[in-house]
>>> print(open('protein18.cif').read())   # mmCIF, N, CA and C atoms
data_start
#
loop_
_atom_site.label_atom_id
_atom_site.label_comp_id
_atom_site.auth_asym_id
_atom_site.auth_seq_id
_atom_site.Cartn_x
_atom_site.Cartn_y
_atom_site.Cartn_z
N MET A 527 40.12 41.30 17.33
CA MET A 527 39.88 39.91 17.68
C MET A 527 38.40 39.74 18.05
N LEU A 528 37.80 38.70 17.58
CA LEU A 528 36.39 38.46 17.86
C LEU A 528 36.21 37.91 19.26
N ASP A 529 35.16 38.34 19.92
CA ASP A 529 34.84 37.77 21.23
C ASP A 529 34.27 36.38 21.04
N GLN A 530 34.73 35.48 21.88
CA GLN A 530 34.29 34.10 21.78
C GLN A 530 33.14 33.88 22.76
N PRO A 531 32.08 33.19 22.34
CA PRO A 531 30.99 32.92 23.27
C PRO A 531 31.50 32.17 24.51
N GLU A 532 30.87 32.45 25.64
CA GLU A 532 31.34 31.88 26.91
C GLU A 532 31.16 30.37 26.99
N ASP A 533 30.21 29.82 26.23
CA ASP A 533 29.99 28.37 26.32
C ASP A 533 31.00 27.58 25.49
N GLN A 534 31.81 28.25 24.68
CA GLN A 534 32.84 27.56 23.90
C GLN A 534 34.19 27.81 24.54
N PRO A 535 34.97 26.74 24.77
CA PRO A 535 36.27 26.92 25.39
C PRO A 535 37.24 27.60 24.43
N SER A 536 38.16 28.36 25.00
CA SER A 536 39.18 29.04 24.20
C SER A 536 40.21 28.03 23.72
N THR A 537 41.04 28.47 22.79
CA THR A 537 42.08 27.57 22.26
C THR A 537 43.02 27.08 23.35
N PRO A 538 43.50 27.95 24.27
CA PRO A 538 44.37 27.42 25.34
C PRO A 538 43.67 26.38 26.21
N ARG A 539 42.40 26.62 26.52
CA ARG A 539 41.67 25.66 27.36
C ARG A 539 41.47 24.34 26.61
N ARG A 540 41.14 24.43 25.31
CA ARG A 540 40.98 23.19 24.53
C ARG A 540 42.27 22.41 24.50
N SER A 541 43.40 23.11 24.32
CA SER A 541 44.70 22.44 24.25
C SER A 541 45.02 21.75 25.56
N SER A 542 44.78 22.42 26.68
CA SER A 542 45.08 21.79 27.96
C SER A 542 44.11 20.64 28.23
N ASN A 543 42.86 20.76 27.78
CA ASN A 543 41.90 19.66 27.94
C ASN A 543 42.34 18.42 27.18
N ILE A 544 42.88 18.62 25.98
CA ILE A 544 43.34 17.48 25.19
C ILE A 544 44.48 16.78 25.89
N ILE A 545 45.44 17.54 26.41
CA ILE A 545 46.60 16.94 27.08
C ILE A 545 46.18 16.25 28.37
N CYS A 546 45.20 16.81 29.09
CA CYS A 546 44.74 16.20 30.34
C CYS A 546 44.04 14.86 30.11
N GLN A 547 43.55 14.61 28.91
CA GLN A 547 42.90 13.33 28.63
C GLN A 547 43.90 12.21 28.40
N THR A 548 45.17 12.52 28.43
CA THR A 548 46.30 11.61 28.27
C THR A 548 46.20 10.69 27.05
N PRO A 549 46.06 11.27 25.87
CA PRO A 549 46.13 10.41 24.68
C PRO A 549 47.59 10.02 24.42
N ASP A 550 47.79 8.91 23.71
CA ASP A 550 49.15 8.50 23.36
C ASP A 550 49.72 9.38 22.26
N VAL A 551 48.87 9.73 21.30
CA VAL A 551 49.30 10.51 20.14
C VAL A 551 48.43 11.76 20.04
N ILE A 552 49.07 12.90 19.81
CA ILE A 552 48.35 14.15 19.60
C ILE A 552 48.72 14.65 18.20
N VAL A 553 47.71 14.93 17.39
CA VAL A 553 47.93 15.43 16.05
C VAL A 553 47.52 16.90 16.02
N ILE A 554 48.50 17.76 15.71
CA ILE A 554 48.24 19.18 15.58
C ILE A 554 48.29 19.49 14.10
N GLY A 555 47.23 20.04 13.55
CA GLY A 555 47.12 20.26 12.12
C GLY A 555 48.32 20.98 11.53
N GLU A 556 48.70 22.12 12.09
CA GLU A 556 49.84 22.87 11.58
C GLU A 556 50.32 23.80 12.67
N ILE A 557 51.63 23.90 12.82
CA ILE A 557 52.20 24.87 13.74
C ILE A 557 52.40 26.16 12.97
N ARG A 558 51.57 27.16 13.31
CA ARG A 558 51.62 28.44 12.61
C ARG A 558 52.14 29.57 13.48
N ASP A 559 52.01 29.42 14.79
CA ASP A 559 52.38 30.51 15.68
C ASP A 559 53.06 29.96 16.93
N SER A 560 53.50 30.88 17.79
CA SER A 560 54.22 30.50 19.01
C SER A 560 53.34 29.68 19.95
N PHE A 561 52.05 30.01 20.01
CA PHE A 561 51.18 29.26 20.91
C PHE A 561 51.08 27.79 20.53
N SER A 562 50.82 27.50 19.25
CA SER A 562 50.70 26.10 18.84
C SER A 562 52.05 25.38 18.97
N ALA A 563 53.16 26.11 18.78
CA ALA A 563 54.48 25.50 18.97
C ALA A 563 54.69 25.14 20.44
N GLU A 564 54.29 26.03 21.35
CA GLU A 564 54.43 25.76 22.78
C GLU A 564 53.56 24.58 23.21
N VAL A 565 52.35 24.49 22.68
CA VAL A 565 51.48 23.36 23.00
C VAL A 565 52.12 22.06 22.55
N ALA A 566 52.67 22.05 21.34
CA ALA A 566 53.30 20.84 20.83
C ALA A 566 54.52 20.45 21.68
N ILE A 567 55.34 21.42 22.03
CA ILE A 567 56.53 21.15 22.84
C ILE A 567 56.15 20.66 24.23
N ASN A 568 55.17 21.31 24.86
CA ASN A 568 54.72 20.88 26.19
C ASN A 568 54.12 19.48 26.17
N ALA A 569 53.37 19.17 25.13
CA ALA A 569 52.81 17.82 25.01
C ALA A 569 53.92 16.79 24.85
N ALA A 570 54.92 17.12 24.04
CA ALA A 570 56.03 16.19 23.85
C ALA A 570 56.84 16.03 25.13
N LEU A 571 56.99 17.10 25.89
CA LEU A 571 57.73 17.02 27.16
C LEU A 571 57.03 16.12 28.17
N THR A 572 55.71 16.02 28.08
CA THR A 572 54.97 15.19 29.03
C THR A 572 54.80 13.76 28.53
N GLY A 573 55.51 13.41 27.47
CA GLY A 573 55.52 12.02 27.03
C GLY A 573 54.57 11.66 25.91
N HIS A 574 53.88 12.63 25.34
CA HIS A 574 52.97 12.35 24.23
C HIS A 574 53.75 12.33 22.92
N LYS A 575 53.30 11.51 22.00
CA LYS A 575 53.84 11.54 20.64
C LYS A 575 53.05 12.59 19.88
N VAL A 576 53.73 13.59 19.34
CA VAL A 576 53.08 14.70 18.65
C VAL A 576 53.41 14.64 17.17
N LEU A 577 52.39 14.66 16.35
CA LEU A 577 52.55 14.73 14.90
C LEU A 577 51.97 16.05 14.43
N THR A 578 52.73 16.77 13.59
CA THR A 578 52.27 18.07 13.14
C THR A 578 52.90 18.40 11.80
N THR A 579 52.50 19.52 11.22
CA THR A 579 53.06 19.95 9.93
C THR A 579 53.59 21.37 10.04
N PHE A 580 54.53 21.69 9.15
CA PHE A 580 55.07 23.02 8.97
C PHE A 580 55.03 23.31 7.48
N HIS A 581 55.10 24.55 7.11
CA HIS A 581 55.32 24.92 5.72
C HIS A 581 56.73 25.47 5.65
N THR A 582 57.68 24.63 5.22
CA THR A 582 59.07 25.04 5.10
C THR A 582 59.62 24.50 3.78
N GLU A 583 60.81 24.94 3.44
CA GLU A 583 61.45 24.51 2.20
C GLU A 583 62.05 23.11 2.31
N ASP A 584 62.59 22.76 3.48
CA ASP A 584 63.25 21.47 3.65
C ASP A 584 63.14 21.02 5.10
N SER A 585 63.75 19.87 5.41
CA SER A 585 63.58 19.30 6.74
C SER A 585 64.23 20.14 7.83
N ILE A 586 65.37 20.74 7.58
CA ILE A 586 66.01 21.56 8.60
C ILE A 586 65.20 22.83 8.86
N GLY A 587 64.37 23.21 7.91
CA GLY A 587 63.52 24.39 8.08
C GLY A 587 62.54 24.26 9.22
N GLY A 588 62.16 23.04 9.58
CA GLY A 588 61.27 22.83 10.72
C GLY A 588 61.92 23.25 12.02
N ILE A 589 63.20 22.93 12.17
CA ILE A 589 63.94 23.32 13.37
C ILE A 589 64.11 24.84 13.40
N VAL A 590 64.48 25.41 12.26
CA VAL A 590 64.65 26.87 12.18
C VAL A 590 63.34 27.58 12.47
N ARG A 591 62.25 27.02 11.99
CA ARG A 591 60.94 27.62 12.22
C ARG A 591 60.60 27.65 13.70
N LEU A 592 60.89 26.56 14.42
CA LEU A 592 60.65 26.54 15.86
C LEU A 592 61.52 27.57 16.58
N LEU A 593 62.77 27.69 16.16
CA LEU A 593 63.66 28.70 16.76
C LEU A 593 63.12 30.11 16.51
N ASN A 594 62.60 30.35 15.32
CA ASN A 594 62.02 31.65 15.00
C ASN A 594 60.75 31.95 15.80
N MET A 595 60.10 30.90 16.31
CA MET A 595 58.91 31.08 17.14
C MET A 595 59.28 31.17 18.62
N ASN A 596 60.54 31.45 18.89
CA ASN A 596 61.05 31.64 20.26
C ASN A 596 60.97 30.40 21.13
N ILE A 597 61.09 29.23 20.52
CA ILE A 597 61.21 27.99 21.29
C ILE A 597 62.70 27.79 21.58
N GLU A 598 63.02 27.55 22.84
CA GLU A 598 64.42 27.40 23.24
C GLU A 598 65.05 26.17 22.59
N ALA A 599 66.33 26.28 22.25
CA ALA A 599 67.03 25.19 21.57
C ALA A 599 67.07 23.93 22.41
N PHE A 600 67.22 24.05 23.74
CA PHE A 600 67.27 22.85 24.58
C PHE A 600 65.92 22.13 24.59
N LEU A 601 64.81 22.87 24.44
CA LEU A 601 63.50 22.22 24.35
C LEU A 601 63.34 21.49 23.03
N ILE A 602 63.84 22.09 21.95
CA ILE A 602 63.77 21.43 20.64
C ILE A 602 64.59 20.16 20.65
N SER A 603 65.79 20.23 21.22
CA SER A 603 66.66 19.04 21.21
C SER A 603 66.11 17.92 22.08
N SER A 604 65.31 18.26 23.10
CA SER A 604 64.78 17.21 23.96
C SER A 604 63.40 16.71 23.53
N THR A 605 62.76 17.36 22.57
CA THR A 605 61.42 16.93 22.17
C THR A 605 61.30 16.49 20.72
N VAL A 606 62.06 17.08 19.82
CA VAL A 606 61.93 16.74 18.40
C VAL A 606 62.76 15.50 18.11
N VAL A 607 62.12 14.48 17.55
CA VAL A 607 62.80 13.23 17.21
C VAL A 607 63.21 13.23 15.75
N SER A 608 62.30 13.64 14.88
CA SER A 608 62.63 13.67 13.45
C SER A 608 61.74 14.69 12.73
N VAL A 609 62.24 15.12 11.58
CA VAL A 609 61.50 16.02 10.70
C VAL A 609 61.58 15.43 9.31
N VAL A 610 60.45 15.33 8.64
CA VAL A 610 60.41 14.78 7.29
C VAL A 610 59.88 15.85 6.35
N ALA A 611 60.64 16.13 5.29
CA ALA A 611 60.20 17.07 4.26
C ALA A 611 59.73 16.27 3.06
N GLN A 612 58.67 16.70 2.45
CA GLN A 612 58.11 15.95 1.31
C GLN A 612 57.77 16.90 0.17
N ARG A 613 58.05 16.45 -1.02
CA ARG A 613 57.66 17.15 -2.24
C ARG A 613 57.07 16.12 -3.19
N LEU A 614 56.27 16.59 -4.11
CA LEU A 614 55.76 15.72 -5.16
C LEU A 614 56.55 15.99 -6.43
N VAL A 615 57.05 14.92 -7.04
CA VAL A 615 57.83 15.02 -8.26
C VAL A 615 56.99 14.50 -9.40
N ARG A 616 56.89 15.29 -10.47
CA ARG A 616 56.07 14.87 -11.61
C ARG A 616 56.63 13.60 -12.24
N ARG A 617 55.72 12.75 -12.68
CA ARG A 617 56.09 11.46 -13.26
C ARG A 617 55.70 11.45 -14.73
N VAL A 618 56.61 10.95 -15.57
CA VAL A 618 56.31 10.83 -17.00
C VAL A 618 55.29 9.70 -17.18
N CYS A 619 54.31 9.94 -18.02
CA CYS A 619 53.28 8.94 -18.28
C CYS A 619 53.93 7.65 -18.80
N PRO A 620 53.70 6.51 -18.15
CA PRO A 620 54.37 5.27 -18.57
C PRO A 620 53.94 4.78 -19.96
N THR A 621 52.75 5.14 -20.42
CA THR A 621 52.30 4.65 -21.72
C THR A 621 52.88 5.45 -22.88
N CYS A 622 53.29 6.69 -22.61
CA CYS A 622 53.79 7.51 -23.71
C CYS A 622 55.25 7.91 -23.53
N ALA A 623 55.95 7.30 -22.58
CA ALA A 623 57.34 7.67 -22.31
C ALA A 623 58.24 7.30 -23.49
N GLU A 624 59.13 8.21 -23.83
CA GLU A 624 60.11 7.99 -24.88
C GLU A 624 61.49 8.30 -24.32
N ASP A 625 62.50 7.58 -24.83
CA ASP A 625 63.86 7.88 -24.39
C ASP A 625 64.24 9.29 -24.82
N HIS A 626 64.98 9.96 -23.97
CA HIS A 626 65.38 11.34 -24.23
C HIS A 626 66.89 11.43 -24.07
N VAL A 627 67.56 11.91 -25.08
CA VAL A 627 69.02 12.05 -25.05
C VAL A 627 69.35 13.52 -24.81
N LEU A 628 70.19 13.76 -23.83
CA LEU A 628 70.61 15.12 -23.54
C LEU A 628 71.74 15.53 -24.47
N THR A 629 71.66 16.73 -24.95
CA THR A 629 72.78 17.28 -25.70
C THR A 629 73.77 17.86 -24.69
N ARG A 630 74.96 18.21 -25.16
CA ARG A 630 75.96 18.80 -24.27
C ARG A 630 75.44 20.09 -23.64
N ARG A 631 74.72 20.86 -24.42
CA ARG A 631 74.22 22.14 -23.93
C ARG A 631 73.17 21.94 -22.83
N THR A 632 72.19 21.06 -23.09
CA THR A 632 71.14 20.84 -22.08
C THR A 632 71.69 20.10 -20.87
N SER A 633 72.69 19.25 -21.07
CA SER A 633 73.30 18.54 -19.95
C SER A 633 74.01 19.51 -19.02
N SER A 634 74.73 20.47 -19.57
CA SER A 634 75.43 21.43 -18.72
C SER A 634 74.44 22.39 -18.07
N ARG A 635 73.36 22.74 -18.78
CA ARG A 635 72.35 23.61 -18.19
C ARG A 635 71.63 22.94 -17.03
N ALA A 636 71.46 21.63 -17.12
CA ALA A 636 70.77 20.89 -16.06
C ALA A 636 71.74 20.41 -14.99
N SER A 637 73.02 20.74 -15.12
CA SER A 637 74.05 20.34 -14.16
C SER A 637 74.13 18.83 -14.00
N LEU A 638 73.96 18.12 -15.10
CA LEU A 638 74.07 16.67 -15.07
C LEU A 638 75.42 16.27 -15.66
N LEU A 639 76.10 15.37 -15.00
CA LEU A 639 77.37 14.88 -15.52
C LEU A 639 77.11 13.59 -16.28
N ALA A 640 77.70 13.47 -17.45
CA ALA A 640 77.51 12.28 -18.26
C ALA A 640 78.24 11.10 -17.63
N ARG A 641 77.54 9.98 -17.52
CA ARG A 641 78.14 8.74 -17.03
C ARG A 641 78.55 7.93 -18.24
N GLY A 642 79.82 7.73 -18.40
CA GLY A 642 80.29 6.99 -19.57
C GLY A 642 80.06 7.81 -20.82
N SER A 643 79.72 7.16 -21.92
CA SER A 643 79.53 7.88 -23.18
C SER A 643 78.07 8.28 -23.41
N GLY A 644 77.13 7.54 -22.84
CA GLY A 644 75.74 7.79 -23.15
C GLY A 644 75.06 8.81 -22.26
N GLY A 645 75.61 9.08 -21.10
CA GLY A 645 74.97 10.01 -20.18
C GLY A 645 73.86 9.32 -19.41
N PRO A 646 73.15 10.06 -18.60
CA PRO A 646 72.09 9.47 -17.79
C PRO A 646 70.90 9.03 -18.64
N ASP A 647 70.20 7.99 -18.19
CA ASP A 647 69.00 7.52 -18.88
C ASP A 647 67.82 8.39 -18.47
N LEU A 648 67.26 9.07 -19.44
CA LEU A 648 66.12 9.95 -19.18
C LEU A 648 64.98 9.59 -20.10
N GLN A 649 63.77 9.92 -19.65
CA GLN A 649 62.60 9.73 -20.47
C GLN A 649 61.80 11.02 -20.50
N ALA A 650 61.11 11.23 -21.59
CA ALA A 650 60.23 12.39 -21.73
C ALA A 650 58.94 11.91 -22.38
N GLY A 651 57.89 12.65 -22.17
CA GLY A 651 56.61 12.29 -22.77
C GLY A 651 56.09 13.41 -23.65
N PRO A 652 55.59 13.08 -24.83
CA PRO A 652 55.04 14.12 -25.69
C PRO A 652 53.69 14.60 -25.14
N ARG A 653 53.24 15.73 -25.64
CA ARG A 653 51.93 16.24 -25.23
C ARG A 653 50.85 15.33 -25.82
N MET A 654 49.96 14.85 -24.96
CA MET A 654 48.88 13.96 -25.41
C MET A 654 47.56 14.54 -24.93
N SER A 655 46.51 14.21 -25.66
CA SER A 655 45.19 14.67 -25.22
C SER A 655 44.79 13.90 -23.96
N GLY A 656 44.16 14.58 -23.04
CA GLY A 656 43.72 13.96 -21.80
C GLY A 656 44.77 13.97 -20.71
N LEU A 657 45.96 14.44 -21.00
CA LEU A 657 47.02 14.51 -19.99
C LEU A 657 47.52 15.94 -19.89
N PRO A 658 48.11 16.29 -18.76
CA PRO A 658 48.73 17.62 -18.65
C PRO A 658 49.87 17.76 -19.65
N PRO A 659 50.42 18.94 -19.83
CA PRO A 659 51.49 19.15 -20.81
C PRO A 659 52.69 18.24 -20.60
N ARG A 660 53.36 17.92 -21.68
CA ARG A 660 54.59 17.13 -21.71
C ARG A 660 54.42 15.69 -21.23
N GLY A 661 53.25 15.14 -21.33
CA GLY A 661 53.05 13.73 -21.00
C GLY A 661 53.23 13.40 -19.54
N ILE A 662 52.86 14.31 -18.67
CA ILE A 662 52.98 14.06 -17.23
C ILE A 662 51.82 13.17 -16.82
N GLY A 663 52.12 12.09 -16.11
CA GLY A 663 51.08 11.15 -15.72
C GLY A 663 51.09 10.86 -14.24
N GLY A 664 50.93 11.87 -13.41
CA GLY A 664 50.89 11.66 -11.96
C GLY A 664 52.12 12.23 -11.28
N ALA A 665 52.30 11.82 -10.03
CA ALA A 665 53.43 12.32 -9.25
C ALA A 665 53.89 11.27 -8.26
N TRP A 666 55.15 11.33 -7.91
CA TRP A 666 55.75 10.46 -6.89
C TRP A 666 56.13 11.31 -5.69
N PRO A 667 55.94 10.79 -4.48
CA PRO A 667 56.43 11.55 -3.33
C PRO A 667 57.94 11.39 -3.20
N CYS A 668 58.60 12.47 -2.91
CA CYS A 668 60.04 12.47 -2.70
C CYS A 668 60.27 13.08 -1.32
N SER A 669 60.89 12.34 -0.41
CA SER A 669 61.02 12.84 0.95
C SER A 669 62.47 12.82 1.42
N LYS A 670 62.72 13.68 2.40
CA LYS A 670 64.03 13.78 3.02
C LYS A 670 63.80 13.79 4.53
N SER A 671 64.52 12.95 5.26
CA SER A 671 64.33 12.86 6.71
C SER A 671 65.52 13.43 7.44
N LEU A 672 65.22 14.13 8.51
CA LEU A 672 66.24 14.63 9.43
C LEU A 672 65.94 13.95 10.77
N VAL A 673 66.83 13.08 11.21
CA VAL A 673 66.65 12.37 12.47
C VAL A 673 67.62 12.97 13.48
N LEU A 674 67.05 13.44 14.58
CA LEU A 674 67.87 14.05 15.64
C LEU A 674 68.16 13.00 16.69
N ASN A 675 69.42 12.83 17.01
CA ASN A 675 69.77 11.89 18.07
C ASN A 675 70.89 12.49 18.92
N GLU A 676 71.01 11.98 20.12
CA GLU A 676 72.01 12.50 21.03
C GLU A 676 73.34 11.86 20.75
N LEU A 677 74.37 12.66 20.67
CA LEU A 677 75.74 12.15 20.48
C LEU A 677 76.62 12.61 21.60
#
>>> encode(input="protein18.cif", output="structure tokens")
Amino acid sequence: MLDQPEDQPSTPRRSSNIICQTPDVIVIGEIRDSFSAEVAINAALTGHKVLTTFHTEDSIGGIVRLLNMNIEAFLISSTVVSVVAQRLVRRVCPTCAEDHVLTRRTSSRASLLARGSGGPDLQAGPRMSGLPPRGIGGAWPCSKSLVLNEL
């Protein structure tokens, strides 16, 4: 570990200085370790709104991640209000989109059930110059929320 110059405050001191200034909202870039998790939990316990990020697969993974960082379950239940997971889903280019009909084989491989006789309405884009492969033209955010409430 590198020695920190004496004129620069350490991470624990900076964290306590931020909380002592009594901001309404505290934004923590990412919870990566037990220390940053404890700072976030302590700030939330003292009435601050804390916004932060995790790298997890889904929304419940945020709770599991805190448990893995040795945060007690009763502290999580009293401080965490919600967890939102987000992914970006590729979008078919609207100018080159073509209707795409699934065959029985591709429908079963994709685990899609046919609705009626025609099946689901799908679109695909051909490869075009100036666009990524398969006519992809951007992305849409897709999110899932986990809201914790007392019952």
>>> atom_distance(input="protein18.cif", atom1="CA of Thr579 (chain A)", atom2="CA of Val615 (chain A)")
19.4 Å
>>> closest_residue(input="protein18.cif", among="A:Leu577, A:Ala569, A:Val551, A:Ala563", to="Leu592 (chain A)", atoms="only C-alpha atoms")
A:Ala563
>>> closest_residue(input="protein18.cif", among="A:Pro620, A:Leu628, A:Ser560, A:Val553", to="Asn594 (chain A)", atoms="all atoms listed in the file")
A:Ser560
>>> residues_around(input="protein18.cif", residues="Val609 (chain A)", least_positions_apart="3", cutoff="6.5 Å", atoms="only N, CA and C atoms", output="PyMOL selection string")
chain A and resi 585+670-674
>>> resolve_selection(input="protein18.cif", expression="the PyMOL selection byres ((chain A and resi 626) around 6)", output="count of residues only")
7
>>> select_by_dssp(input="protein18.cif", residues="region 582-638 of chain A", states="alpha helix (DSSP H)", output="ChimeraX atom specification")
/A:586-594,599-605,630-635
>>> closest_residue(input="protein18.cif", among="A:Cys619, A:Ile589, A:Val607, A:Val565", to="Asn675 (chain A)", atoms="only N, CA and C atoms")
A:Val607
>>> residues_around(input="protein18.cif", residues="region 580-582 of chain A", least_positions_apart="5", cutoff="6.5 Å", atoms="only N, CA and C atoms", output="NGL selection string")
:A and (556-557 or 587-588)
>>> closest_residue(input="protein18.cif", among="A:Ala570, A:Ile586, A:Ala623, A:Leu593", to="Thr605 (chain A)", atoms="all atoms listed in the file")
A:Ala570
>>> closest_residue(input="protein18.cif", among="A:Phe561, A:Arg616, A:Cys622, A:Leu571", to="Ser604 (chain A)", atoms="only N, CA and C atoms")
A:Leu571
>>> atom_distance(input="protein18.cif", atom1="atom C of Gly555 (chain A)", atom2="CA of Ala665 (chain A)")
23.1 Å
